[in-house]
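Single-structure report; data block below.
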Amino acid sequence: MISDNLLTKLNEQITHEFYSAHYYLAMAAYFMKEDLDGFANFFIVQAEEERFHAMKFFGFINDQGREAVITGFKDPKRDFKSAEEIFSLALEHEKLVTSLINDLMSLAQEEKHYPSISFLQWFIDEQVEEEAGMNKLLSKVQRVGEKGHGILMLDKELAARTFTPAAE
Ligand code: FEO
């Protein structure tokens with residue numbers, strides 16, 4: 001049985017993941033406004049991934065016989081200034097999510113709740129990918145700059161991203 005303390009933290013993670021989806025949609029809106037539809041597509045797909053993450057927590061809590069709690073959250077930032085700013089913020093955000101997942105894993109281990117440990121391992125691995133992906137794109141954007149041919153090539157590359165839920 002999941003303790004009330006662990007349940008509260010797992011439920012909070014649902015909110016963090018839905019907030020991440022909103023944050024990335026706000027970033028997609030900036031790129032749409034800038035006519036960089038490939039970058040916008042990247043963040044729309046990223047938002048779908050975050051919703052998928054939230055639903056994994058939702059499903060796990062229900063599978064454990066407890067009730068998932070859906071709450072609201074603050075407005076995400078808007079008024080972004082550049083692609084570089086956005087990827088810096090996205091990387092910073094993924095690092096925050098990594099620390100939240102790590103804290104959840106520590107709590108599950110403290111409580112010796114093995115189903116949660118097994119469930120959370122997927123997210124530990126996922127966060128390695130999430131941070132690496134944002135880091136790579138931040139480097140690429142810094143290399144090509146905000147204007148010119150390079151950014152359009154990158155936009156074309158990012159237009160190809162599609163949402164494929166990761167395997168269990
Ligand atoms: Fe749900 Fe991007 O971490």
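As shown in the structure tokens, the chain order sets the letters A, B, ...; within each chain, residues go from 1, and ligands are also counted from 1 in the order they appear.
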Note to self: Residues near Phe87 (chain A), anyone? I mean within 8 Å using only C-alpha atoms, not counting same-chain ones fewer than 2 positions away, as a list in words.
What the structure shows: Ala83, Glu84, Glu85, Leu89, Ala90, Leu91, Met134, Asn135, Leu137 and Leu138 of chain A
Next item on the list: Kindly provide, as a ChimeraX atom specification, all nucleotide and amino acid residues lying within 8 Å of ligand 1, counting only C-alpha atoms and all ligand atoms.
Entry: /A:16-17,20,46,49-51,53-54,93-94,97-98,123,126-127,130-131
Residue selection dump (N, CA, C and O atoms) as an mmCIF file, in the first residue's frame:
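out.cif, written as the output of this step:
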data_model
loop_
_atom_site.group_PDB
_atom_site.id
_atom_site.type_symbol
_atom_site.label_atom_id
_atom_site.label_comp_id
_atom_site.auth_asym_id
_atom_site.auth_seq_id
_atom_site.Cartn_x
_atom_site.Cartn_y
_atom_site.Cartn_z
ATOM 1 N N HIS A 16 2.969 18.506 -11.999
ATOM 2 C CA HIS A 16 4.218 18.982 -12.633
ATOM 3 C C HIS A 16 4.269 18.581 -14.105
ATOM 4 O O HIS A 16 4.727 19.352 -14.950
ATOM 5 N N GLU A 17 3.810 17.374 -14.408
ATOM 6 C CA GLU A 17 3.885 16.898 -15.799
ATOM 7 C C GLU A 17 2.874 17.654 -16.682
ATOM 8 O O GLU A 17 3.201 18.039 -17.808
ATOM 9 N N SER A 20 4.278 20.980 -17.288
ATOM 10 C CA SER A 20 5.327 20.907 -18.320
ATOM 11 C C SER A 20 4.693 20.967 -19.711
ATOM 12 O O SER A 20 5.201 21.660 -20.606
ATOM 13 N N GLN A 46 6.523 17.632 -27.737
ATOM 14 C CA GLN A 46 7.044 17.562 -26.366
ATOM 15 C C GLN A 46 5.893 17.679 -25.356
ATOM 16 O O GLN A 46 5.860 16.968 -24.345
ATOM 17 N N GLU A 49 4.177 14.458 -25.074
ATOM 18 C CA GLU A 49 4.959 13.530 -24.235
ATOM 19 C C GLU A 49 4.714 13.795 -22.761
ATOM 20 O O GLU A 49 4.606 12.871 -21.954
ATOM 21 N N GLU A 50 4.658 15.079 -22.410
ATOM 22 C CA GLU A 50 4.460 15.430 -20.992
ATOM 23 C C GLU A 50 3.079 14.986 -20.507
ATOM 24 O O GLU A 50 2.923 14.528 -19.379
ATOM 25 N N ARG A 51 2.097 15.104 -21.383
ATOM 26 C CA ARG A 51 0.753 14.648 -21.023
ATOM 27 C C ARG A 51 0.763 13.121 -20.827
ATOM 28 O O ARG A 51 0.141 12.591 -19.915
ATOM 29 N N HIS A 53 3.359 11.449 -19.819
ATOM 30 C CA HIS A 53 4.001 11.227 -18.515
ATOM 31 C C HIS A 53 2.983 11.397 -17.385
ATOM 32 O O HIS A 53 2.926 10.576 -16.465
ATOM 33 N N ALA A 54 2.198 12.465 -17.464
ATOM 34 C CA ALA A 54 1.183 12.722 -16.422
ATOM 35 C C ALA A 54 0.220 11.535 -16.320
ATOM 36 O O ALA A 54 -0.122 11.081 -15.217
ATOM 37 N N HIS A 93 14.187 23.520 -17.069
ATOM 38 C CA HIS A 93 12.956 22.887 -16.589
ATOM 39 C C HIS A 93 13.124 21.371 -16.487
ATOM 40 O O HIS A 93 12.684 20.757 -15.508
ATOM 41 N N GLU A 94 13.764 20.779 -17.486
ATOM 42 C CA GLU A 94 13.978 19.327 -17.426
ATOM 43 C C GLU A 94 14.871 18.943 -16.244
ATOM 44 O O GLU A 94 14.672 17.898 -15.628
ATOM 45 N N VAL A 97 12.655 18.847 -13.284
ATOM 46 C CA VAL A 97 11.843 17.620 -13.277
ATOM 47 C C VAL A 97 12.699 16.422 -12.856
ATOM 48 O O VAL A 97 12.254 15.578 -12.077
ATOM 49 N N THR A 98 13.936 16.381 -13.341
ATOM 50 C CA THR A 98 14.838 15.295 -12.926
ATOM 51 C C THR A 98 15.000 15.275 -11.411
ATOM 52 O O THR A 98 14.934 14.210 -10.781
ATOM 53 N N PHE A 123 11.074 6.635 -15.381
ATOM 54 C CA PHE A 123 11.221 8.096 -15.429
ATOM 55 C C PHE A 123 12.669 8.538 -15.198
ATOM 56 O O PHE A 123 13.104 9.542 -15.765
ATOM 57 N N GLU A 126 14.093 8.075 -18.545
ATOM 58 C CA GLU A 126 13.488 9.056 -19.455
ATOM 59 C C GLU A 126 14.121 10.437 -19.267
ATOM 60 O O GLU A 126 14.369 11.157 -20.232
ATOM 61 N N GLN A 127 14.397 10.816 -18.014
ATOM 62 C CA GLN A 127 14.958 12.141 -17.765
ATOM 63 C C GLN A 127 16.369 12.290 -18.340
ATOM 64 O O GLN A 127 16.762 13.393 -18.724
ATOM 65 N N GLU A 130 15.568 13.204 -21.816
ATOM 66 C CA GLU A 130 14.957 14.533 -21.892
ATOM 67 C C GLU A 130 16.019 15.629 -21.780
ATOM 68 O O GLU A 130 16.029 16.573 -22.563
ATOM 69 N N GLU A 131 16.906 15.477 -20.811
ATOM 70 C CA GLU A 131 17.959 16.494 -20.629
ATOM 71 C C GLU A 131 18.935 16.487 -21.809
ATOM 72 O O GLU A 131 19.315 17.539 -22.309
#
Checklist line | Given only C-alpha atoms as the counted atoms, nearest of A:Ile124, A:Ile2, A:Leu10, A:Leu158 to Lys140 (chain A) | finding: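 Among the listed residues, the smallest separation from Lys140 (chain A) belongs to A:Leu158.
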Checklist line | Selection: 7 Å around Ile117 (chain A), only C-alpha atoms, excl. self and same-chain fewer than 5 positions, as a VMD selection string | finding: chain A and resid 105 108 to 109
Go ahead and write the residues just picked, N, CA, C and O atoms, as a short mmCIF file (atom, residue, chain, number, x, y, z; two decimals), in the first residue's frame.
data_model
loop_
_atom_site.label_atom_id
_atom_site.label_comp_id
_atom_site.auth_asym_id
_atom_site.auth_seq_id
_atom_site.Cartn_x
_atom_site.Cartn_y
_atom_site.Cartn_z
N MET A 105 12.00 8.98 -6.18
CA MET A 105 12.67 7.68 -6.09
C MET A 105 13.28 7.50 -4.69
O MET A 105 13.17 6.42 -4.09
N ALA A 108 10.49 6.60 -2.33
CA ALA A 108 10.01 5.23 -2.56
C ALA A 108 11.00 4.22 -1.98
O ALA A 108 10.61 3.20 -1.40
N GLN A 109 12.30 4.53 -2.13
CA GLN A 109 13.33 3.63 -1.58
C GLN A 109 13.32 3.64 -0.05
O GLN A 109 13.41 2.60 0.58
#
Checklist line | Nearest residue to Asp63 (chain A) from the set A:Ser116, A:Ser3, A:Thr8, A:Gln121 (distances using only C-alpha atoms) | finding: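 Among the listed residues, A:Ser116 lies closest to Asp63 (chain A).
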Margin query: If we count only C-alpha atoms and set the cut-off at 10 Å, which residues sit around region 151-155 of chain A, ignoring sequence neighbours fewer than 4 positions away in its own chain? Please answer as an MDAnalysis selection string.
Written below: chainID A and resid 31 35:42 83 137 140:147 159:160
Create the file for the chosen residues now, containing all heavy atoms and written as a compact mmCIF listing (two decimals), in the first residue's frame.
# COMPACT_ATOMS: atom_id res chain seq x y z
N PHE A 31 7.09 30.03 -31.24
CA PHE A 31 7.67 29.65 -32.54
C PHE A 31 6.64 29.76 -33.67
O PHE A 31 7.00 30.11 -34.80
CB PHE A 31 8.25 28.23 -32.45
CG PHE A 31 9.55 28.17 -31.71
CD1 PHE A 31 9.68 27.44 -30.53
CD2 PHE A 31 10.67 28.87 -32.17
CE1 PHE A 31 10.89 27.39 -29.84
CE2 PHE A 31 11.89 28.83 -31.48
CZ PHE A 31 11.99 28.09 -30.31
N ASP A 35 6.86 32.04 -37.22
CA ASP A 35 6.84 31.24 -38.46
C ASP A 35 7.92 30.18 -38.51
O ASP A 35 8.40 29.82 -39.60
CB ASP A 35 6.95 32.15 -39.71
CG ASP A 35 5.73 33.04 -39.86
OD1 ASP A 35 4.62 32.58 -39.51
OD2 ASP A 35 5.88 34.19 -40.27
N LEU A 36 8.30 29.68 -37.35
CA LEU A 36 9.23 28.54 -37.29
C LEU A 36 8.40 27.32 -36.89
O LEU A 36 8.39 26.87 -35.75
CB LEU A 36 10.36 28.83 -36.28
CG LEU A 36 11.37 29.89 -36.74
CD1 LEU A 36 12.26 30.35 -35.59
CD2 LEU A 36 12.23 29.38 -37.91
N ASP A 37 7.69 26.81 -37.91
CA ASP A 37 6.70 25.75 -37.63
C ASP A 37 7.34 24.43 -37.19
O ASP A 37 6.71 23.65 -36.48
CB ASP A 37 5.83 25.51 -38.88
CG ASP A 37 4.95 26.70 -39.19
OD1 ASP A 37 4.90 27.64 -38.36
OD2 ASP A 37 4.30 26.71 -40.27
N GLY A 38 8.57 24.18 -37.63
CA GLY A 38 9.25 22.95 -37.21
C GLY A 38 9.58 22.99 -35.72
O GLY A 38 9.38 22.01 -35.00
N PHE A 39 10.08 24.14 -35.25
CA PHE A 39 10.35 24.30 -33.82
C PHE A 39 9.04 24.18 -33.03
O PHE A 39 9.00 23.57 -31.96
CB PHE A 39 10.98 25.67 -33.53
CG PHE A 39 12.45 25.76 -33.84
CD1 PHE A 39 12.89 26.14 -35.10
CD2 PHE A 39 13.39 25.47 -32.87
CE1 PHE A 39 14.25 26.22 -35.39
CE2 PHE A 39 14.75 25.56 -33.15
CZ PHE A 39 15.18 25.93 -34.41
N ALA A 40 7.99 24.79 -33.58
CA ALA A 40 6.67 24.71 -32.91
C ALA A 40 6.24 23.25 -32.82
O ALA A 40 5.77 22.79 -31.77
CB ALA A 40 5.64 25.53 -33.69
N ASN A 41 6.42 22.51 -33.92
CA ASN A 41 6.06 21.09 -33.92
C ASN A 41 6.83 20.33 -32.84
O ASN A 41 6.26 19.50 -32.12
CB ASN A 41 6.35 20.47 -35.29
CG ASN A 41 6.12 18.98 -35.29
OD1 ASN A 41 4.99 18.52 -35.11
ND2 ASN A 41 7.17 18.20 -35.44
N PHE A 42 8.12 20.64 -32.70
CA PHE A 42 8.94 19.96 -31.69
C PHE A 42 8.31 20.14 -30.31
O PHE A 42 8.18 19.18 -29.53
CB PHE A 42 10.37 20.52 -31.70
CG PHE A 42 11.21 19.99 -30.57
CD1 PHE A 42 11.89 18.79 -30.69
CD2 PHE A 42 11.29 20.67 -29.36
CE1 PHE A 42 12.64 18.27 -29.64
CE2 PHE A 42 12.03 20.16 -28.29
CZ PHE A 42 12.71 18.96 -28.44
N ALA A 83 15.02 31.74 -29.63
CA ALA A 83 15.10 30.27 -29.59
C ALA A 83 16.10 29.84 -28.52
O ALA A 83 15.86 28.89 -27.77
CB ALA A 83 15.51 29.74 -30.96
N LEU A 137 19.86 20.36 -28.54
CA LEU A 137 19.22 21.40 -29.35
C LEU A 137 19.67 22.79 -28.94
O LEU A 137 19.82 23.67 -29.80
CB LEU A 137 17.69 21.25 -29.26
CG LEU A 137 17.18 20.08 -30.11
CD1 LEU A 137 15.74 19.74 -29.77
CD2 LEU A 137 17.30 20.39 -31.60
N LYS A 140 22.87 23.30 -30.72
CA LYS A 140 22.68 23.52 -32.16
C LYS A 140 22.21 24.95 -32.43
O LYS A 140 22.69 25.62 -33.36
CB LYS A 140 21.66 22.53 -32.72
CG LYS A 140 22.23 21.13 -32.91
CD LYS A 140 21.22 20.26 -33.66
CE LYS A 140 21.77 18.86 -33.90
NZ LYS A 140 20.86 18.02 -34.71
N VAL A 141 21.24 25.42 -31.61
CA VAL A 141 20.72 26.77 -31.80
C VAL A 141 21.83 27.79 -31.56
O VAL A 141 21.96 28.77 -32.31
CB VAL A 141 19.51 27.02 -30.85
CG1 VAL A 141 19.19 28.50 -30.75
CG2 VAL A 141 18.29 26.24 -31.32
N GLN A 142 22.67 27.56 -30.57
CA GLN A 142 23.77 28.49 -30.30
C GLN A 142 24.76 28.50 -31.46
O GLN A 142 25.30 29.53 -31.82
CB GLN A 142 24.49 28.09 -29.00
CG GLN A 142 23.67 28.47 -27.77
CD GLN A 142 24.20 27.88 -26.47
OE1 GLN A 142 24.86 26.83 -26.48
NE2 GLN A 142 23.91 28.52 -25.37
N ARG A 143 24.93 27.33 -32.08
CA ARG A 143 25.89 27.23 -33.18
C ARG A 143 25.38 27.95 -34.43
O ARG A 143 26.12 28.67 -35.09
CB ARG A 143 26.18 25.76 -33.49
CG ARG A 143 27.44 25.58 -34.31
CD ARG A 143 27.81 24.11 -34.48
NE ARG A 143 27.80 23.38 -33.24
CZ ARG A 143 27.24 22.17 -33.07
NH1 ARG A 143 26.64 21.56 -34.07
NH2 ARG A 143 27.30 21.57 -31.90
N VAL A 144 24.08 27.74 -34.77
CA VAL A 144 23.58 28.31 -36.03
C VAL A 144 23.13 29.76 -35.89
O VAL A 144 23.04 30.47 -36.89
CB VAL A 144 22.43 27.47 -36.64
CG1 VAL A 144 22.87 26.04 -36.89
CG2 VAL A 144 21.17 27.51 -35.79
N GLY A 145 22.84 30.22 -34.66
CA GLY A 145 22.35 31.59 -34.48
C GLY A 145 20.88 31.70 -34.80
O GLY A 145 20.24 30.74 -35.26
N GLU A 146 20.31 32.87 -34.56
CA GLU A 146 18.85 33.05 -34.65
C GLU A 146 18.38 33.35 -36.06
O GLU A 146 17.21 33.23 -36.37
CB GLU A 146 18.39 34.18 -33.72
CG GLU A 146 18.73 33.97 -32.25
CD GLU A 146 17.79 33.00 -31.53
OE1 GLU A 146 16.62 32.89 -31.93
OE2 GLU A 146 18.24 32.34 -30.58
N LYS A 147 19.30 33.80 -36.91
CA LYS A 147 18.89 34.20 -38.27
C LYS A 147 19.68 33.42 -39.32
O LYS A 147 20.74 32.90 -39.04
CB LYS A 147 19.16 35.71 -38.48
CG LYS A 147 18.54 36.63 -37.45
CD LYS A 147 17.46 37.51 -38.06
CE LYS A 147 16.85 38.46 -37.02
NZ LYS A 147 15.72 37.89 -36.34
N ALA A 159 10.65 19.66 -37.85
CA ALA A 159 9.30 19.45 -38.38
C ALA A 159 8.97 17.96 -38.50
O ALA A 159 7.81 17.56 -38.53
CB ALA A 159 9.16 20.11 -39.75
N ALA A 160 10.02 17.13 -38.53
CA ALA A 160 9.81 15.68 -38.74
C ALA A 160 9.48 14.95 -37.45
O ALA A 160 9.12 13.77 -37.48
CB ALA A 160 11.07 15.09 -39.35
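Distance check against Phe119 (chain A) using only C-alpha atoms: of A:Phe73, A:Gly148, A:Asp79, A:Gly59, the minimum falls on A:Gly59.
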Next item on the list: Give the alpha helix (DSSP H) residues of region 24-125 of chain A, as DSSP finds them on the backbone, and put them as number ranges by chain.
Entry: A: 24-33, 37-63, 83-110, 114-125
Note to self: I'd like to know which of A:Phe60, A:Tyr30, A:Tyr24, A:Phe163 is closest to Lys81 (chain A), using only C-alpha atoms.
What the structure shows: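 Selected residue with least distance to Lys81 (chain A): A:Tyr30.
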Next item on the list: Return the single residue from A:Ser88, A:Thr71, A:Ser106, A:Asn11 that is closest to Lys56 (chain A), with distances computed using only C-alpha atoms.
Entry: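 Going through A:Ser88, A:Thr71, A:Ser106, A:Asn11 one by one, the smallest distance to Lys56 (chain A) is for A:Asn11.
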